[in-house]
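Peer 1: Here you go, this is work.txt (compact mmCIF, N, CA and C atoms).
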# COMPACT_ATOMS: atom_id res chain seq x y z
N MET A 267 0.84 -1.18 0.00
CA MET A 267 0.00 0.00 0.00
C MET A 267 0.89 1.25 0.00
N THR A 268 0.36 2.28 -0.58
CA THR A 268 1.10 3.53 -0.61
C THR A 268 0.91 4.27 0.71
N ALA A 269 1.67 5.31 0.89
CA ALA A 269 1.59 6.08 2.13
C ALA A 269 0.51 7.15 2.05
N THR A 270 -0.19 7.25 0.95
CA THR A 270 -1.20 8.30 0.82
C THR A 270 -2.40 8.02 1.71
N THR A 271 -3.10 9.09 2.04
CA THR A 271 -4.32 8.99 2.82
C THR A 271 -5.44 9.64 2.03
N ALA A 272 -6.55 8.94 1.87
CA ALA A 272 -7.71 9.49 1.19
C ALA A 272 -8.55 10.25 2.20
N THR A 273 -9.43 11.10 1.69
CA THR A 273 -10.32 11.86 2.57
C THR A 273 -11.76 11.48 2.30
N PHE A 274 -12.62 11.78 3.27
CA PHE A 274 -14.05 11.50 3.14
C PHE A 274 -14.76 12.78 2.71
N ASP A 275 -15.54 12.70 1.62
CA ASP A 275 -16.38 13.86 1.29
C ASP A 275 -17.59 13.85 2.23
N GLU A 276 -18.43 14.86 2.11
CA GLU A 276 -19.56 14.99 3.05
C GLU A 276 -20.54 13.83 2.95
N ALA A 277 -20.79 13.31 1.74
CA ALA A 277 -21.72 12.19 1.57
C ALA A 277 -21.20 10.93 2.26
N VAL A 278 -19.91 10.65 2.10
CA VAL A 278 -19.31 9.48 2.75
C VAL A 278 -19.25 9.70 4.25
N ARG A 279 -18.89 10.90 4.67
CA ARG A 279 -18.83 11.21 6.11
C ARG A 279 -20.21 10.98 6.75
N ALA A 280 -21.28 11.40 6.06
CA ALA A 280 -22.64 11.21 6.59
C ALA A 280 -22.96 9.73 6.73
N ARG A 281 -22.53 8.91 5.78
CA ARG A 281 -22.78 7.47 5.88
C ARG A 281 -22.03 6.85 7.05
N LEU A 282 -20.81 7.32 7.28
CA LEU A 282 -20.03 6.79 8.40
C LEU A 282 -20.62 7.24 9.74
N GLN A 283 -21.21 8.41 9.78
CA GLN A 283 -21.80 8.91 11.02
C GLN A 283 -23.15 8.27 11.33
N ALA A 284 -23.86 7.81 10.31
CA ALA A 284 -25.17 7.18 10.50
C ALA A 284 -25.00 5.73 10.96
N PRO A 285 -26.01 5.15 11.60
CA PRO A 285 -25.92 3.75 12.06
C PRO A 285 -26.15 2.76 10.92
N ASN A 286 -25.25 2.79 9.94
CA ASN A 286 -25.31 1.86 8.80
C ASN A 286 -24.45 0.65 9.07
N ILE A 287 -24.86 -0.49 8.56
CA ILE A 287 -24.03 -1.69 8.60
C ILE A 287 -23.06 -1.63 7.43
N TRP A 288 -21.80 -1.85 7.71
CA TRP A 288 -20.75 -1.89 6.70
C TRP A 288 -20.21 -3.31 6.61
N TYR A 289 -19.83 -3.73 5.43
CA TYR A 289 -19.18 -5.02 5.26
C TYR A 289 -17.68 -4.78 5.28
N VAL A 290 -17.01 -5.42 6.23
CA VAL A 290 -15.58 -5.22 6.45
C VAL A 290 -14.86 -6.48 6.00
N GLY A 291 -13.92 -6.30 5.08
CA GLY A 291 -13.16 -7.43 4.55
C GLY A 291 -11.72 -7.40 5.01
N THR A 292 -11.24 -8.57 5.41
CA THR A 292 -9.84 -8.77 5.76
C THR A 292 -9.32 -9.92 4.90
N VAL A 293 -8.02 -10.23 5.05
CA VAL A 293 -7.40 -11.25 4.20
C VAL A 293 -6.85 -12.39 5.06
N PHE A 294 -7.31 -13.62 4.77
CA PHE A 294 -6.74 -14.80 5.43
C PHE A 294 -5.30 -15.00 4.97
N ALA A 295 -4.54 -15.81 5.71
CA ALA A 295 -3.15 -16.08 5.37
C ALA A 295 -3.00 -16.67 3.97
N ASP A 296 -4.01 -17.42 3.51
CA ASP A 296 -3.92 -18.02 2.17
C ASP A 296 -4.38 -17.07 1.06
N GLY A 297 -4.72 -15.83 1.43
CA GLY A 297 -5.14 -14.83 0.46
C GLY A 297 -6.64 -14.76 0.24
N ALA A 298 -7.40 -15.68 0.82
CA ALA A 298 -8.85 -15.67 0.66
C ALA A 298 -9.46 -14.51 1.45
N PRO A 299 -10.57 -13.96 0.98
CA PRO A 299 -11.21 -12.87 1.71
C PRO A 299 -12.03 -13.39 2.88
N GLN A 300 -12.15 -12.56 3.91
CA GLN A 300 -13.01 -12.80 5.06
C GLN A 300 -13.83 -11.54 5.21
N VAL A 301 -15.16 -11.64 5.21
CA VAL A 301 -16.03 -10.47 5.25
C VAL A 301 -17.04 -10.62 6.37
N SER A 302 -17.24 -9.53 7.12
CA SER A 302 -18.19 -9.52 8.24
C SER A 302 -19.01 -8.23 8.21
N PRO A 303 -20.31 -8.31 8.54
CA PRO A 303 -21.08 -7.08 8.75
C PRO A 303 -20.65 -6.47 10.08
N MET A 304 -20.43 -5.14 10.07
CA MET A 304 -19.87 -4.49 11.26
C MET A 304 -20.50 -3.14 11.51
N TRP A 305 -20.43 -2.71 12.77
CA TRP A 305 -20.74 -1.34 13.15
C TRP A 305 -19.46 -0.54 12.92
N VAL A 306 -19.58 0.63 12.30
CA VAL A 306 -18.42 1.45 11.95
C VAL A 306 -18.73 2.90 12.32
N ASP A 307 -17.70 3.66 12.64
CA ASP A 307 -17.87 5.08 12.95
C ASP A 307 -16.64 5.84 12.50
N LEU A 308 -16.78 7.16 12.43
CA LEU A 308 -15.64 8.02 12.16
C LEU A 308 -14.72 8.02 13.36
N GLU A 309 -13.45 8.20 13.10
CA GLU A 309 -12.43 8.36 14.13
C GLU A 309 -11.75 9.68 13.83
N GLY A 310 -12.13 10.71 14.56
CA GLY A 310 -11.60 12.03 14.26
C GLY A 310 -12.09 12.50 12.90
N GLU A 311 -11.28 13.24 12.20
CA GLU A 311 -11.68 13.79 10.91
C GLU A 311 -11.31 12.89 9.73
N GLY A 312 -10.28 12.06 9.87
CA GLY A 312 -9.78 11.38 8.70
C GLY A 312 -9.67 9.87 8.76
N GLU A 313 -10.09 9.25 9.86
CA GLU A 313 -9.99 7.81 9.97
C GLU A 313 -11.36 7.24 10.33
N LEU A 314 -11.44 5.92 10.38
CA LEU A 314 -12.67 5.26 10.81
C LEU A 314 -12.31 4.17 11.79
N THR A 315 -13.32 3.66 12.48
CA THR A 315 -13.08 2.67 13.52
C THR A 315 -14.20 1.63 13.55
N PHE A 316 -13.83 0.43 13.96
CA PHE A 316 -14.79 -0.61 14.29
C PHE A 316 -14.18 -1.41 15.44
N ASN A 317 -14.93 -2.34 16.00
CA ASN A 317 -14.51 -3.03 17.20
C ASN A 317 -14.65 -4.53 17.01
N THR A 318 -13.71 -5.28 17.55
CA THR A 318 -13.76 -6.74 17.51
C THR A 318 -13.19 -7.26 18.83
N SER A 319 -12.82 -8.51 18.88
CA SER A 319 -12.26 -9.09 20.10
C SER A 319 -10.96 -9.81 19.79
N VAL A 320 -10.10 -9.88 20.80
CA VAL A 320 -8.86 -10.64 20.67
C VAL A 320 -9.22 -12.08 20.35
N GLY A 321 -8.55 -12.66 19.37
CA GLY A 321 -8.77 -14.05 19.00
C GLY A 321 -9.79 -14.26 17.90
N ARG A 322 -10.50 -13.23 17.50
CA ARG A 322 -11.44 -13.36 16.39
C ARG A 322 -10.64 -13.34 15.08
N VAL A 323 -11.25 -13.91 14.06
CA VAL A 323 -10.58 -14.01 12.76
C VAL A 323 -10.15 -12.63 12.25
N LYS A 324 -11.04 -11.64 12.33
CA LYS A 324 -10.70 -10.29 11.85
C LYS A 324 -9.45 -9.77 12.54
N GLU A 325 -9.42 -9.89 13.85
CA GLU A 325 -8.28 -9.37 14.62
C GLU A 325 -7.00 -10.08 14.20
N GLU A 326 -7.04 -11.40 14.10
CA GLU A 326 -5.85 -12.16 13.71
C GLU A 326 -5.41 -11.80 12.30
N ASN A 327 -6.36 -11.71 11.37
CA ASN A 327 -6.02 -11.34 10.00
C ASN A 327 -5.38 -9.96 9.94
N LEU A 328 -5.96 -8.99 10.66
CA LEU A 328 -5.47 -7.61 10.58
C LEU A 328 -4.12 -7.42 11.25
N ARG A 329 -3.82 -8.21 12.26
CA ARG A 329 -2.49 -8.12 12.89
C ARG A 329 -1.42 -8.68 11.95
N ARG A 330 -1.79 -9.65 11.14
CA ARG A 330 -0.86 -10.24 10.18
C ARG A 330 -0.76 -9.41 8.90
N ASP A 331 -1.90 -8.89 8.45
CA ASP A 331 -1.98 -8.13 7.20
C ASP A 331 -2.91 -6.95 7.44
N PRO A 332 -2.39 -5.73 7.55
CA PRO A 332 -3.21 -4.59 7.97
C PRO A 332 -4.16 -4.05 6.91
N ARG A 333 -4.21 -4.65 5.74
CA ARG A 333 -5.13 -4.16 4.71
C ARG A 333 -6.57 -4.50 5.08
N VAL A 334 -7.46 -3.53 4.86
CA VAL A 334 -8.87 -3.72 5.18
C VAL A 334 -9.70 -3.03 4.10
N TYR A 335 -10.88 -3.59 3.86
CA TYR A 335 -11.75 -3.07 2.82
C TYR A 335 -13.15 -2.97 3.40
N LEU A 336 -13.81 -1.83 3.22
CA LEU A 336 -15.15 -1.63 3.73
C LEU A 336 -16.08 -1.27 2.60
N SER A 337 -17.31 -1.77 2.67
CA SER A 337 -18.30 -1.51 1.64
C SER A 337 -19.66 -1.28 2.29
N HIS A 338 -20.39 -0.31 1.74
CA HIS A 338 -21.74 -0.03 2.20
C HIS A 338 -22.60 0.33 1.00
N ALA A 339 -23.80 -0.26 0.93
CA ALA A 339 -24.77 0.10 -0.11
C ALA A 339 -25.97 0.75 0.56
N ASP A 340 -26.48 1.80 -0.05
CA ASP A 340 -27.66 2.49 0.47
C ASP A 340 -28.83 1.52 0.51
N ALA A 341 -29.60 1.56 1.58
CA ALA A 341 -30.72 0.62 1.74
C ALA A 341 -31.80 0.82 0.69
N THR A 342 -32.00 2.03 0.21
CA THR A 342 -33.05 2.29 -0.78
C THR A 342 -32.55 2.17 -2.21
N ASP A 343 -31.25 2.25 -2.42
CA ASP A 343 -30.66 2.12 -3.75
C ASP A 343 -29.33 1.40 -3.65
N PRO A 344 -29.31 0.07 -3.80
CA PRO A 344 -28.06 -0.67 -3.64
C PRO A 344 -26.99 -0.33 -4.68
N PHE A 345 -27.36 0.42 -5.73
CA PHE A 345 -26.36 0.84 -6.70
C PHE A 345 -25.71 2.16 -6.29
N ASP A 346 -26.11 2.71 -5.14
CA ASP A 346 -25.46 3.87 -4.53
C ASP A 346 -24.60 3.30 -3.40
N ARG A 347 -23.32 3.19 -3.66
CA ARG A 347 -22.47 2.48 -2.71
C ARG A 347 -21.15 3.19 -2.48
N VAL A 348 -20.57 2.89 -1.33
CA VAL A 348 -19.28 3.44 -0.94
C VAL A 348 -18.33 2.27 -0.71
N GLN A 349 -17.11 2.42 -1.22
CA GLN A 349 -16.07 1.42 -1.03
C GLN A 349 -14.84 2.14 -0.47
N ILE A 350 -14.30 1.61 0.60
CA ILE A 350 -13.13 2.22 1.24
C ILE A 350 -12.04 1.16 1.40
N SER A 351 -10.88 1.42 0.81
CA SER A 351 -9.70 0.59 1.04
C SER A 351 -8.84 1.32 2.05
N GLY A 352 -8.31 0.59 3.02
CA GLY A 352 -7.48 1.25 4.01
C GLY A 352 -6.49 0.31 4.65
N VAL A 353 -5.77 0.84 5.60
CA VAL A 353 -4.82 0.06 6.39
C VAL A 353 -5.03 0.39 7.86
N VAL A 354 -4.82 -0.59 8.71
CA VAL A 354 -4.93 -0.37 10.15
C VAL A 354 -3.81 0.55 10.57
N SER A 355 -4.16 1.66 11.21
CA SER A 355 -3.14 2.57 11.71
C SER A 355 -2.76 2.23 13.16
N ARG A 356 -3.74 1.65 13.90
CA ARG A 356 -3.43 1.23 15.27
C ARG A 356 -4.58 0.40 15.84
N PHE A 357 -4.25 -0.32 16.90
CA PHE A 357 -5.23 -1.08 17.67
C PHE A 357 -5.32 -0.43 19.04
N VAL A 358 -6.54 -0.34 19.59
CA VAL A 358 -6.74 0.18 20.93
C VAL A 358 -7.30 -0.96 21.76
N GLU A 359 -6.66 -1.24 22.90
CA GLU A 359 -7.08 -2.36 23.72
C GLU A 359 -7.41 -1.89 25.13
N GLY A 360 -7.78 -2.84 25.98
CA GLY A 360 -8.05 -2.54 27.38
C GLY A 360 -9.39 -1.86 27.57
N GLU A 361 -9.48 -1.11 28.66
CA GLU A 361 -10.73 -0.45 29.03
C GLU A 361 -11.20 0.52 27.95
N GLU A 362 -10.26 1.19 27.29
CA GLU A 362 -10.64 2.13 26.23
C GLU A 362 -11.36 1.41 25.09
N ALA A 363 -10.93 0.21 24.75
CA ALA A 363 -11.60 -0.56 23.69
C ALA A 363 -13.03 -0.93 24.11
N HIS A 364 -13.21 -1.29 25.38
CA HIS A 364 -14.56 -1.59 25.88
C HIS A 364 -15.43 -0.34 25.87
N ASP A 365 -14.87 0.81 26.25
CA ASP A 365 -15.62 2.08 26.20
C ASP A 365 -16.02 2.41 24.77
N ARG A 366 -15.13 2.16 23.83
CA ARG A 366 -15.43 2.43 22.42
C ARG A 366 -16.52 1.49 21.91
N MET A 367 -16.56 0.26 22.41
CA MET A 367 -17.63 -0.67 22.01
C MET A 367 -18.96 -0.16 22.53
N ASP A 368 -18.98 0.35 23.76
CA ASP A 368 -20.21 0.95 24.30
C ASP A 368 -20.66 2.14 23.45
N ARG A 369 -19.71 2.96 23.02
CA ARG A 369 -20.04 4.12 22.19
C ARG A 369 -20.67 3.67 20.87
N LEU A 370 -20.12 2.62 20.25
CA LEU A 370 -20.71 2.09 19.02
C LEU A 370 -22.11 1.54 19.29
N ALA A 371 -22.28 0.82 20.38
CA ALA A 371 -23.60 0.26 20.71
C ALA A 371 -24.62 1.36 20.94
N ARG A 372 -24.22 2.44 21.59
CA ARG A 372 -25.14 3.56 21.79
C ARG A 372 -25.54 4.17 20.45
N LYS A 373 -24.60 4.25 19.52
CA LYS A 373 -24.91 4.77 18.18
C LYS A 373 -25.91 3.87 17.47
N TYR A 374 -25.71 2.57 17.53
CA TYR A 374 -26.52 1.61 16.76
C TYR A 374 -27.76 1.13 17.51
N LEU A 375 -27.69 1.02 18.83
CA LEU A 375 -28.78 0.44 19.61
C LEU A 375 -29.42 1.39 20.61
N GLY A 376 -28.71 2.47 20.94
CA GLY A 376 -29.21 3.40 21.94
C GLY A 376 -28.90 3.00 23.37
N SER A 377 -28.05 1.98 23.56
CA SER A 377 -27.67 1.54 24.90
C SER A 377 -26.26 0.96 24.87
N ASP A 378 -25.69 0.76 26.05
CA ASP A 378 -24.35 0.17 26.12
C ASP A 378 -24.36 -1.26 25.58
N PHE A 379 -23.17 -1.77 25.25
CA PHE A 379 -23.02 -3.13 24.74
C PHE A 379 -23.13 -4.11 25.91
N GLU A 380 -24.09 -5.02 25.82
CA GLU A 380 -24.38 -5.91 26.96
C GLU A 380 -23.97 -7.36 26.74
N TRP A 381 -23.26 -7.66 25.66
CA TRP A 381 -23.00 -9.06 25.31
C TRP A 381 -21.54 -9.46 25.47
N ILE A 382 -20.82 -8.81 26.35
CA ILE A 382 -19.43 -9.18 26.60
C ILE A 382 -19.40 -10.55 27.28
N MET A 383 -18.60 -11.45 26.72
CA MET A 383 -18.46 -12.78 27.31
C MET A 383 -17.39 -12.74 28.40
N PRO A 384 -17.49 -13.60 29.41
CA PRO A 384 -16.45 -13.63 30.45
C PRO A 384 -15.07 -13.82 29.82
N GLY A 385 -14.14 -12.97 30.20
CA GLY A 385 -12.78 -13.06 29.70
C GLY A 385 -12.55 -12.41 28.34
N GLU A 386 -13.62 -11.93 27.69
CA GLU A 386 -13.47 -11.33 26.37
C GLU A 386 -12.69 -10.03 26.46
N GLN A 387 -11.77 -9.84 25.52
CA GLN A 387 -10.97 -8.62 25.45
C GLN A 387 -11.30 -7.91 24.15
N ARG A 388 -11.94 -6.75 24.24
CA ARG A 388 -12.31 -5.99 23.05
C ARG A 388 -11.09 -5.30 22.46
N VAL A 389 -11.14 -5.07 21.15
CA VAL A 389 -10.08 -4.37 20.42
C VAL A 389 -10.75 -3.39 19.47
N ALA A 390 -10.43 -2.11 19.60
CA ALA A 390 -10.89 -1.11 18.63
C ALA A 390 -9.84 -1.05 17.52
N VAL A 391 -10.30 -1.11 16.29
CA VAL A 391 -9.42 -1.06 15.13
C VAL A 391 -9.58 0.32 14.49
N ILE A 392 -8.48 1.02 14.34
CA ILE A 392 -8.49 2.35 13.73
C ILE A 392 -7.90 2.20 12.33
N VAL A 393 -8.65 2.69 11.34
CA VAL A 393 -8.27 2.49 9.93
C VAL A 393 -8.01 3.83 9.26
N ARG A 394 -6.88 3.91 8.57
CA ARG A 394 -6.56 5.06 7.72
C ARG A 394 -6.99 4.74 6.30
N PRO A 395 -7.90 5.54 5.73
CA PRO A 395 -8.35 5.26 4.37
C PRO A 395 -7.25 5.58 3.35
N VAL A 396 -7.11 4.71 2.37
CA VAL A 396 -6.15 4.91 1.29
C VAL A 396 -6.88 5.28 0.00
N LYS A 397 -8.05 4.67 -0.20
CA LYS A 397 -8.86 4.97 -1.39
C LYS A 397 -10.33 4.95 -0.98
N VAL A 398 -11.05 6.00 -1.37
CA VAL A 398 -12.48 6.10 -1.07
C VAL A 398 -13.21 6.31 -2.38
N ARG A 399 -14.19 5.45 -2.64
CA ARG A 399 -14.98 5.56 -3.87
C ARG A 399 -16.46 5.60 -3.51
N HIS A 400 -17.17 6.58 -4.06
CA HIS A 400 -18.62 6.65 -3.93
C HIS A 400 -19.17 6.50 -5.34
N ILE A 401 -19.85 5.39 -5.58
CA ILE A 401 -20.34 5.04 -6.92
C ILE A 401 -21.86 5.03 -6.89
N VAL A 402 -22.46 5.70 -7.84
CA VAL A 402 -23.91 5.69 -7.98
C VAL A 402 -24.22 5.19 -9.38
N GLY A 403 -25.03 4.14 -9.47
CA GLY A 403 -25.37 3.57 -10.77
C GLY A 403 -24.41 2.47 -11.16
N VAL A 404 -24.41 2.16 -12.42
CA VAL A 404 -23.54 1.11 -12.94
C VAL A 404 -22.14 1.69 -13.10
N GLU A 405 -21.16 0.98 -12.59
CA GLU A 405 -19.79 1.45 -12.66
C GLU A 405 -19.30 1.47 -14.10
N ARG A 406 -18.59 2.51 -14.46
CA ARG A 406 -18.04 2.63 -15.82
C ARG A 406 -16.91 1.63 -16.03
N PHE A 407 -16.69 1.27 -17.30
CA PHE A 407 -15.54 0.44 -17.63
C PHE A 407 -14.27 1.26 -17.47
N ARG A 408 -13.19 0.58 -17.22
CA ARG A 408 -11.90 1.24 -17.15
C ARG A 408 -11.49 1.69 -18.55
N PRO A 409 -10.58 2.67 -18.66
CA PRO A 409 -10.12 3.09 -19.97
C PRO A 409 -9.63 1.90 -20.78
N GLY A 410 -10.00 1.88 -22.05
CA GLY A 410 -9.62 0.77 -22.93
C GLY A 410 -10.63 -0.35 -22.96
N GLY A 411 -11.65 -0.28 -22.08
CA GLY A 411 -12.68 -1.32 -22.04
C GLY A 411 -13.73 -1.05 -23.11
N PRO A 412 -14.81 -1.82 -23.09
CA PRO A 412 -15.86 -1.64 -24.09
C PRO A 412 -16.42 -0.22 -24.06
N THR A 413 -16.85 0.25 -25.19
CA THR A 413 -17.47 1.57 -25.28
C THR A 413 -18.92 1.40 -25.74
N PRO A 414 -19.79 2.29 -25.27
CA PRO A 414 -21.20 2.17 -25.67
C PRO A 414 -21.37 2.36 -27.17
N ALA A 415 -22.36 1.66 -27.72
CA ALA A 415 -22.67 1.83 -29.15
C ALA A 415 -23.23 3.22 -29.38
N VAL A 416 -22.90 3.77 -30.50
CA VAL A 416 -23.36 5.14 -30.83
C VAL A 416 -24.69 5.11 -31.52
Could you spell out this file's structure in structure tokens?
Peer 2:
Amino acid sequence: MTATTATFDEAVRARLQAPNIWYVGTVFADGAPQVSPMWVDLEGEGELTFNTSVGRVKEENLRRDPRVYLSHADATDPFDRVQISGVVSRFVEGEEAHDRMDRLARKYLGSDFEWIMPGEQRVAVIVRPVKVRHIVGVERFRPGGPTPAV
């Protein structure tokens, strides 16, 4: 991945601030994708965050390979979608990770997170976006691809 950081326009920022479900993709050691529906939020002005637990597949995949991919489609128009490629900039653990999980639960459910299992250790994942795409309608072909008939 390059060192560049992408920014969120207002439409993407609004989607990240709303209680939308995002599909978060990580990479298994064999290169296969792993995708989970997740609660996601903005982290400051330029990053995003989601929460998982120590020992979960996402956490293990991201510690080995920090690349992450997020996708969201509008509920009323699935062809209005946002795709974000990024890299993990840091992991937050301990009590702060549990507090962040409560904050996400309040955003999505209106109450604290009540499903912590005994011994579970939460991990907040902070992601720096590298590429942000907001696509509405059918995606265009890349240059050199088919062209519409005249």
Peer 1: Give me the region 270-371 of chain A side of the contact with region 390-402 of chain A, cut-off 6.5 Å, one line per residue showing its nearest atom pair and distance in Å at one decimal, counting only N, CA and C atoms, sorted by chain and residue number, as a tab-separated table.
Peer 2:
residue	atom	partner	partner_atom	distance
A:Thr270	C	A:Val396	CA	4.9
A:Thr271	CA	A:Pro395	C	4.5
A:Ala272	N	A:Pro395	C	3.7
A:Thr273	N	A:Pro395	C	6.2
A:Gly312	C	A:Pro395	N	5.6
A:Glu313	CA	A:Val393	C	4.5
A:Leu314	C	A:Val393	N	4.0
A:Thr315	CA	A:Val391	C	4.3
A:Phe316	C	A:Val391	N	4.0
A:Asn317	CA	A:Ala390	CA	4.3
A:Thr318	N	A:Ala390	N	5.0
A:Phe345	C	A:Val402	CA	4.3
A:Asp346	CA	A:Val402	CA	4.2
A:Arg347	N	A:Ile401	C	4.0
A:Val348	CA	A:Arg399	C	4.4
A:Gln349	N	A:Arg399	C	4.0
A:Ile350	CA	A:Lys397	C	4.5
A:Ser351	C	A:Val396	N	3.8
A:Gly352	CA	A:Val396	N	3.8
A:Val353	C	A:Arg394	N	4.0
A:Val354	CA	A:Val393	CA	4.4
A:Ser355	N	A:Ile392	C	3.9
A:Arg356	C	A:Ile392	N	4.2
A:Phe357	CA	A:Ala390	C	4.6
A:Val358	N	A:Ala390	C	4.0
A:Glu359	N	A:Ala390	N	5.1
A:Ala363	CA	A:Ala390	N	4.5
A:His364	N	A:Ala390	N	6.5
Peer 1: Calculate how many Å separate atom C of Phe294 (chain A) from CA of Leu328 (chain A), rounding to one decimal.
Peer 2: 9.3 Å
Peer 1: Run DSSP on the backbone and give me the residues of chain A it puts in alpha helix (DSSP H), as number ranges by chain.
Peer 2: A: 276-283, 323-330, 361-375
Peer 1: Between CA of Gly291 (chain A) and CA of Gly376 (chain A), what distance in Å does the model show, to one decimal?
Peer 2: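 Interatomic distance here is 26.0 Å.
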Peer 1: Per DSSP on the backbone, filter region 295-327 of chain A down to the residues in strand (DSSP E) and report them as a list in words.
Peer 2: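 For region 295-327 of chain A, the strand (DSSP E) set is Pro299, Gln300, Val301, Ser302, Pro303, Met304, Trp305, Asp307, Leu308, Glu309, Glu313, Leu314, Thr315, Phe316, Asn317, Thr318 and Ser319 of chain A.
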Peer 1: Which neighbours of Asp378 (chain A) fall inside 7 Å, counting only C-alpha atoms, when residues of the same chain fewer than 3 positions from it are skipped, and could you give them as a list in words?
Peer 2: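 Neighbouring residues, sequence-local ones excluded: Asp368, Ala371 and Arg372 of chain A.
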Peer 1: Measuring atom to atom with only C-alpha atoms, identify which of A:Ile382, A:Val306, A:Ala295, A:Val320 is nearest to His338 (chain A).
Peer 2: A:Val306
Peer 1: Please, what distance in Å, to one decimal, runs between CA of Asn286 (chain A) and CA of Arg330 (chain A)?
Peer 2: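 Between these atoms lies a distance of 27.3 Å.
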Peer 1: Restricting the calculation to all atoms listed in the file, which member of A:Pro285, A:Gly321, A:Pro412, A:Gly385 is positioned closest to Trp305 (chain A)?
Peer 2: A:Pro285
Peer 1: Of the candidates A:Met367, A:Met304, A:Val389, A:Val293, which shows the shortest atom-to-atom distance to Asp331 (chain A), using only C-alpha atoms?
Peer 2: A:Val293
